[in-house]
Amino acid sequence: MTSPANQRPRRGPGRARQAAIYRAGALGRAPSIPTDAASLERRARKAMSRIAWAYIAGGAGEGRTMRHNREAFEQWRIVPRMLHGVTEHDISTSIVGAPMSSPLLLAPIGAASVVTPDSDVIIARGAAAAGTPYVISSQGCNPMEETAAAMGSTPFWYQLYWSTDEALVDSMISRAESCGAGALVITLDTTILGWRPQDLNLGSLPFARGHGIAQYTSDPRFTKIIHNRTEAATDRPKTRLSLGAVRTLVSMSKQHPGPLGKNLRSAEPRAAVEAFLEVYSNPGLSWDHIATLRHRTSLPIVLKGILHPDDARKAIELGVDAIIVSNHGGRQVDNAIASLDAMITIREAVGPQPTILLDSGIRSGTDVLIGLALGANACLLGRPYIYGLALDGEDGVRQVIENIVAELDVTMGLLGVRTVQDLSRDLLTPVL
Ligand code: FNR
């Protein structure tokens with residue numbers, strides 16, 4: 001028998017990250033990215049414009065859903081066990097058939113070019129550097145093919161907002177398949193935009209300035225839709241432009257593919273924005289649409305935005321491969337149920353088999369651990385990686401991911417949990 005004194009613990013990503021930070025600290029260098037969520041958010045706010053902050057950090061109505069998302073985690077406490085003697089643990093897992101280095105993916109976040117141009121390619125590079133899958137958004141700021149290329153060999157998924165134009169839905173699905181997406185995520189909760197006072201109070205809708213429509217302007221079907229509109233618009237009467245309108249036109253032209261000079265003289269950038277606003281999401285989306293998906297794609301199908309156990313059961317009956325329990329980070333319905341609370345109820349309703357991902361309110365490795373202990377198979381990280389992007393681009397995204405994964409790894413080591421599958425409710429106690 002090996003003597004306990006001779007067991008040498010493997011250095012996982014958590015201890016390696018701690019060591020790297022402390023080593024740099026000994027040379028007088030503090031990390032460029034804060035390692036806790038509150039400092040990260042505070043620093044990022046200073047680095048972002050008012051409009052970008054409103055769009056990224058803002059939520060629906062009075063922000064109650066965002067608060068509930070955080071408070072739900074406070075309702076559970078970890079009860080550590082001692083003397084477990086576990087020196088080896090492994091945070092890798094596999095979701096919809098794909099191996100993952102940790103149970104963390106980056107959530108789809110659209111219009112991130114309000115923070116920095118070429119946002120999606122930069123995020124993809126950061127995600128790839130951390131070996132973490134990225135769910136590319138329908139409202140992305142680079143064509144999905146470019147973002148996919150920046151992911152290298154790290155898996156990525158494609159998220160779709162179901163357009164009112166069915167040919168556009170097919171075109172986006174086929175592009176996602178061709179560029180190597182590992183799954184198709186359909187977001188269900190944004191058939192129309194939520195009531196978002198932070199944006200409304202500034203009169204700011206990033207899409208109206210041309211942000212977040214790169215998947216559309218790079219799409220052959222969408223290009224046809226724009227051409228039809230520009231032809232129909234040639235005899236539109238000319239109106240006098242205010243300074244604000246000129247700024248909007250310049251922004252649209254900058255975001256549009258092609259040289260800025262040409263775009264400024266063309267009606268196309270504006271037609272693209274107008275066409276996008278008309279077709280981007282289908283308020284009539286129903287289970288009938290979802291039922292068509294199996295015939296339209298060979299990709300695993302993931303439904304994002306499920307909160308009610310009956311919807312979860314229905315999704316599973318339809319044969320989807322996974323569901324993402326999410327309230328869209330509290331951006332759609334104010335005073336909605338916390339995502340974590342919904343996930344617990346849904347896991348109880350559907351049993352242990354179906355794959356459930358938890359999204360909305362994840363801020364730390366400990367949150368990931370609690371989510372998994374309560375029944376999620378993996379978690380999605382949202383706003384924090386955009387804060388990393390705002391502070392330090394690609395490297396900021398990488399560091400935010402690595403900090404969260406490191407905390408998960410270190411905490412699993414402290415608790416003596418060998419694998420993510422071993423995380424269970426036994427580790428937790430509810431706050432009474
Ligand atoms: C989002 N989210 C989102 N979801 C989606 O399916 N497609 C999208 O394009 C976007 N865009 C988007 C923009 C911004 C600025 C935010 C903050 C969020 C929702 C996102 O995928 C995820 O559900 C939330 O970010 C999770 O909440 P937290 O953890 O960020 O608070």
# chains A, B, ... in the order shown; residues from 1 in each chain; ligands from 1
>>> residues_near_ligand(ligand="ligand 1", cutoff="6 Å", atoms="only C-alpha atoms and all ligand atoms", output="list in words")
Tyr55, Ile56, Ala107, Pro108, Ile109, Gly110, Ser137, Ser138, Gln139, Thr187, Ser326, His328, Gly329, Asp359, Ser360, Gly361, Ile362, Leu381, Gly382 and Arg383 of chain A
>>> residues_around(residues="range 151-160 of chain A", least_positions_apart="2", cutoff="9 Å", atoms="only C-alpha atoms", output="compact mmCIF listing (two decimals) with C-alpha atoms, in the first residue's frame")
# COMPACT_ATOMS: atom_id res chain seq x y z
CA ALA A 98 -18.31 16.27 -27.29
CA PRO A 99 -15.44 16.07 -24.79
CA MET A 100 -14.93 19.30 -22.85
CA LEU A 105 -19.16 27.10 -22.15
CA PRO A 108 -23.98 33.52 -26.97
CA VAL A 121 -13.22 36.75 -33.40
CA ALA A 124 -13.19 33.09 -30.00
CA ARG A 125 -9.42 33.45 -29.69
CA GLY A 126 -9.71 33.92 -25.92
CA ALA A 127 -12.08 30.94 -25.62
CA ALA A 128 -9.76 28.77 -27.73
CA ALA A 129 -6.74 29.81 -25.63
CA GLY A 131 -9.92 25.47 -24.43
CA THR A 132 -13.53 26.46 -23.72
CA PRO A 133 -16.39 26.03 -26.19
CA TYR A 134 -18.13 29.21 -27.39
CA VAL A 135 -21.73 29.45 -28.47
CA ILE A 136 -21.61 31.85 -31.43
CA SER A 137 -24.57 34.24 -31.49
CA SER A 138 -27.07 34.86 -34.26
CA GLN A 139 -26.49 38.49 -33.35
CA MET A 144 -19.80 32.77 -38.17
CA GLU A 146 -14.56 33.80 -39.40
CA THR A 147 -15.40 33.19 -35.74
CA ALA A 148 -15.36 29.41 -36.30
CA ALA A 149 -11.90 29.66 -37.89
CA TRP A 162 -35.69 31.88 -35.51
CA SER A 163 -36.30 34.35 -38.33
CA VAL A 169 -33.43 29.83 -41.07
CA MET A 172 -28.09 29.87 -41.29
CA ILE A 173 -28.42 26.21 -40.26
CA ALA A 176 -23.45 26.43 -39.16
CA GLU A 177 -23.16 22.83 -40.33
CA GLY A 180 -18.24 22.84 -38.13
CA ALA A 181 -20.63 23.80 -35.33
CA GLY A 182 -21.02 21.00 -32.78
CA ALA A 183 -24.67 21.79 -32.01
CA LEU A 184 -27.50 24.11 -32.96
CA VAL A 185 -28.89 26.16 -30.08
CA ILE A 186 -32.34 27.68 -30.59
CA THR A 187 -33.05 30.57 -28.26
CA VAL A 302 -30.30 22.38 -27.91
CA LYS A 304 -32.18 27.68 -24.72
>>> closest_atom_pairs(of="range 343-397 of chain A", to="range 23-38 of chain A", cutoff="7 Å", atoms="only C-alpha atoms", output="tab-separated table")
residue	atom	partner	partner_atom	distance
A:Arg363	CA	A:Ala37	CA	5.9
A:Ser364	CA	A:Ala37	CA	7.0
A:Gly388	CA	A:Ile33	CA	6.8
A:Gly396	CA	A:Ile33	CA	6.4
>>> residues_around(residues="Ile386 in chain A", least_positions_apart="2", cutoff="10 Å", atoms="only C-alpha atoms", output="compact mmCIF listing (two decimals) with N, CA and C atoms, in the first residue's frame")
# COMPACT_ATOMS: atom_id res chain seq x y z
N GLU A 41 -16.52 43.45 -12.64
CA GLU A 41 -17.63 44.26 -13.16
C GLU A 41 -17.34 45.76 -12.96
N ALA A 44 -14.66 46.89 -15.40
CA ALA A 44 -15.14 46.88 -16.78
C ALA A 44 -16.05 48.07 -17.04
N ILE A 56 -24.85 45.90 -22.20
CA ILE A 56 -24.29 44.65 -21.68
C ILE A 56 -24.82 44.36 -20.27
N ALA A 57 -24.79 45.35 -19.41
CA ALA A 57 -25.13 45.08 -17.99
C ALA A 57 -26.62 45.19 -17.73
N LEU A 106 -19.04 29.32 -23.15
CA LEU A 106 -19.38 30.74 -23.22
C LEU A 106 -20.76 30.88 -23.86
N ILE A 109 -23.49 35.88 -26.91
CA ILE A 109 -23.76 37.30 -26.60
C ILE A 109 -23.62 38.10 -27.88
N ALA A 112 -21.61 42.47 -29.39
CA ALA A 112 -20.48 42.80 -28.50
C ALA A 112 -19.52 43.78 -29.17
N VAL A 115 -18.56 46.96 -27.58
CA VAL A 115 -17.41 47.01 -26.66
C VAL A 115 -16.11 47.16 -27.44
N THR A 116 -15.97 46.36 -28.49
CA THR A 116 -14.75 46.42 -29.31
C THR A 116 -15.04 45.85 -30.69
N SER A 119 -15.45 41.81 -32.25
CA SER A 119 -15.60 41.20 -30.93
C SER A 119 -15.61 39.68 -30.97
N ILE A 123 -13.20 37.17 -29.01
CA ILE A 123 -13.73 36.27 -27.97
C ILE A 123 -13.35 34.83 -28.31
N LEU A 381 -21.34 30.70 -19.20
CA LEU A 381 -20.87 31.97 -18.64
C LEU A 381 -21.27 33.09 -19.60
N GLY A 382 -21.87 34.16 -19.05
CA GLY A 382 -22.32 35.27 -19.89
C GLY A 382 -21.52 36.53 -19.69
N ARG A 383 -22.16 37.54 -19.08
CA ARG A 383 -21.58 38.89 -18.99
C ARG A 383 -20.10 38.93 -18.56
N PRO A 384 -19.66 38.09 -17.58
CA PRO A 384 -18.27 38.26 -17.12
C PRO A 384 -17.22 38.18 -18.24
N GLY A 388 -14.22 40.85 -19.35
CA GLY A 388 -12.82 40.53 -19.65
C GLY A 388 -12.43 41.11 -21.01
N LEU A 389 -13.34 41.00 -21.98
CA LEU A 389 -13.08 41.55 -23.33
C LEU A 389 -12.86 43.05 -23.24
N ALA A 390 -13.71 43.72 -22.45
CA ALA A 390 -13.61 45.19 -22.34
C ALA A 390 -12.27 45.59 -21.70
N LEU A 391 -11.78 44.78 -20.78
CA LEU A 391 -10.56 45.17 -20.05
C LEU A 391 -9.28 44.79 -20.77
N ASP A 392 -9.27 43.63 -21.43
CA ASP A 392 -8.00 43.19 -22.01
C ASP A 392 -8.17 42.29 -23.23
N GLY A 393 -9.22 42.55 -24.02
CA GLY A 393 -9.39 41.83 -25.30
C GLY A 393 -9.36 40.32 -25.14
N GLY A 396 -8.11 39.05 -21.91
CA GLY A 396 -9.09 39.27 -20.84
C GLY A 396 -10.12 38.15 -20.82
N VAL A 397 -10.60 37.76 -22.00
CA VAL A 397 -11.57 36.66 -22.08
C VAL A 397 -10.93 35.38 -21.53
N VAL A 400 -10.60 35.53 -17.66
CA VAL A 400 -11.89 35.39 -16.94
C VAL A 400 -12.28 33.91 -16.90
>>> residues_around(residues="Gly85 in chain A", least_positions_apart="2", cutoff="8 Å", atoms="only C-alpha atoms", output="count of residues only")
3
>>> residues_around(residues="range 262-273 of chain A", least_positions_apart="5", cutoff="9 Å", atoms="only C-alpha atoms", output="PyMOL selection string")
chain A and resi 207-210+213+216-217+222-223+225-227+229-230+233-234+249-250+252-257+278
>>> closest_residue(among="A:Lys46, A:Arg15, A:Arg221, A:Arg331", to="Val279 in chain A", atoms="only C-alpha atoms")
A:Arg221
>>> closest_residue(among="A:Ser49, A:Ser204, A:Thr366, A:Asn142", to="Ala406 in chain A", atoms="only C-alpha atoms")
A:Thr366
>>> atom_distance(atom1="CA of Thr65 in chain A", atom2="CA of Ala338 in chain A")
6.4 Å
>>> closest_residue(among="A:Gln215, A:Asn228, A:Thr297, A:Asn69", to="Leu358 in chain A", atoms="only C-alpha atoms")
A:Asn69
>>> residues_around(residues="Ser101 in chain A", least_positions_apart="4", cutoff="7 Å", atoms="only C-alpha atoms", output="VMD selection string")
chain A and resid 91 to 93 131
>>> write_last_selection(atoms="all heavy atoms", output="CSV table (one decimal), in the first residue's frame")
chain,number,residue,atom,x,y,z
A,91,ILE,N,-11.8,17.7,-13.9
A,91,ILE,CA,-13.0,18.5,-14.1
A,91,ILE,C,-13.5,18.4,-15.6
A,91,ILE,O,-14.4,19.1,-16.0
A,91,ILE,CB,-12.7,20.0,-13.8
A,91,ILE,CG1,-11.6,20.6,-14.7
A,91,ILE,CG2,-12.4,20.2,-12.3
A,91,ILE,CD1,-11.5,22.1,-14.6
A,92,SER,N,-12.9,17.5,-16.3
A,92,SER,CA,-13.4,17.3,-17.7
A,92,SER,C,-14.7,16.6,-17.7
A,92,SER,O,-15.1,16.0,-16.8
A,92,SER,CB,-12.3,16.6,-18.5
A,92,SER,OG,-12.3,15.2,-18.1
A,93,THR,N,-15.4,16.8,-18.9
A,93,THR,CA,-16.7,16.1,-19.0
A,93,THR,C,-17.0,16.0,-20.5
A,93,THR,O,-16.2,16.2,-21.3
A,93,THR,CB,-17.8,17.0,-18.3
A,93,THR,OG1,-19.0,16.2,-18.3
A,93,THR,CG2,-18.0,18.3,-18.9
A,131,GLY,N,-9.4,26.8,-24.1
A,131,GLY,CA,-9.9,25.5,-24.4
A,131,GLY,C,-11.4,25.3,-24.1
A,131,GLY,O,-11.9,24.3,-23.7
>>> select_by_dssp(residues="range 175-333 of chain A", states="strand (DSSP E)", output="MDAnalysis selection string")
chainID A and resid 184:187 301:306 322:325
>>> select_by_dssp(residues="range 24-258 of chain A", states="alpha helix (DSSP H)", output="PyMOL selection string")
chain A and resi 24-26+37-47+50-57+64-74+119-129+144-150+166-178+197-202+214-217+220-232+243-255
>>> closest_residue(among="A:Ile301, A:Leu40, A:Leu202, A:Leu243", to="Leu318 in chain A", atoms="only C-alpha atoms")
A:Ile301
>>> closest_residue(among="A:Leu241, A:Gln332, A:Ile324, A:Cys379", to="Thr191 in chain A", atoms="only C-alpha atoms")
A:Gln332
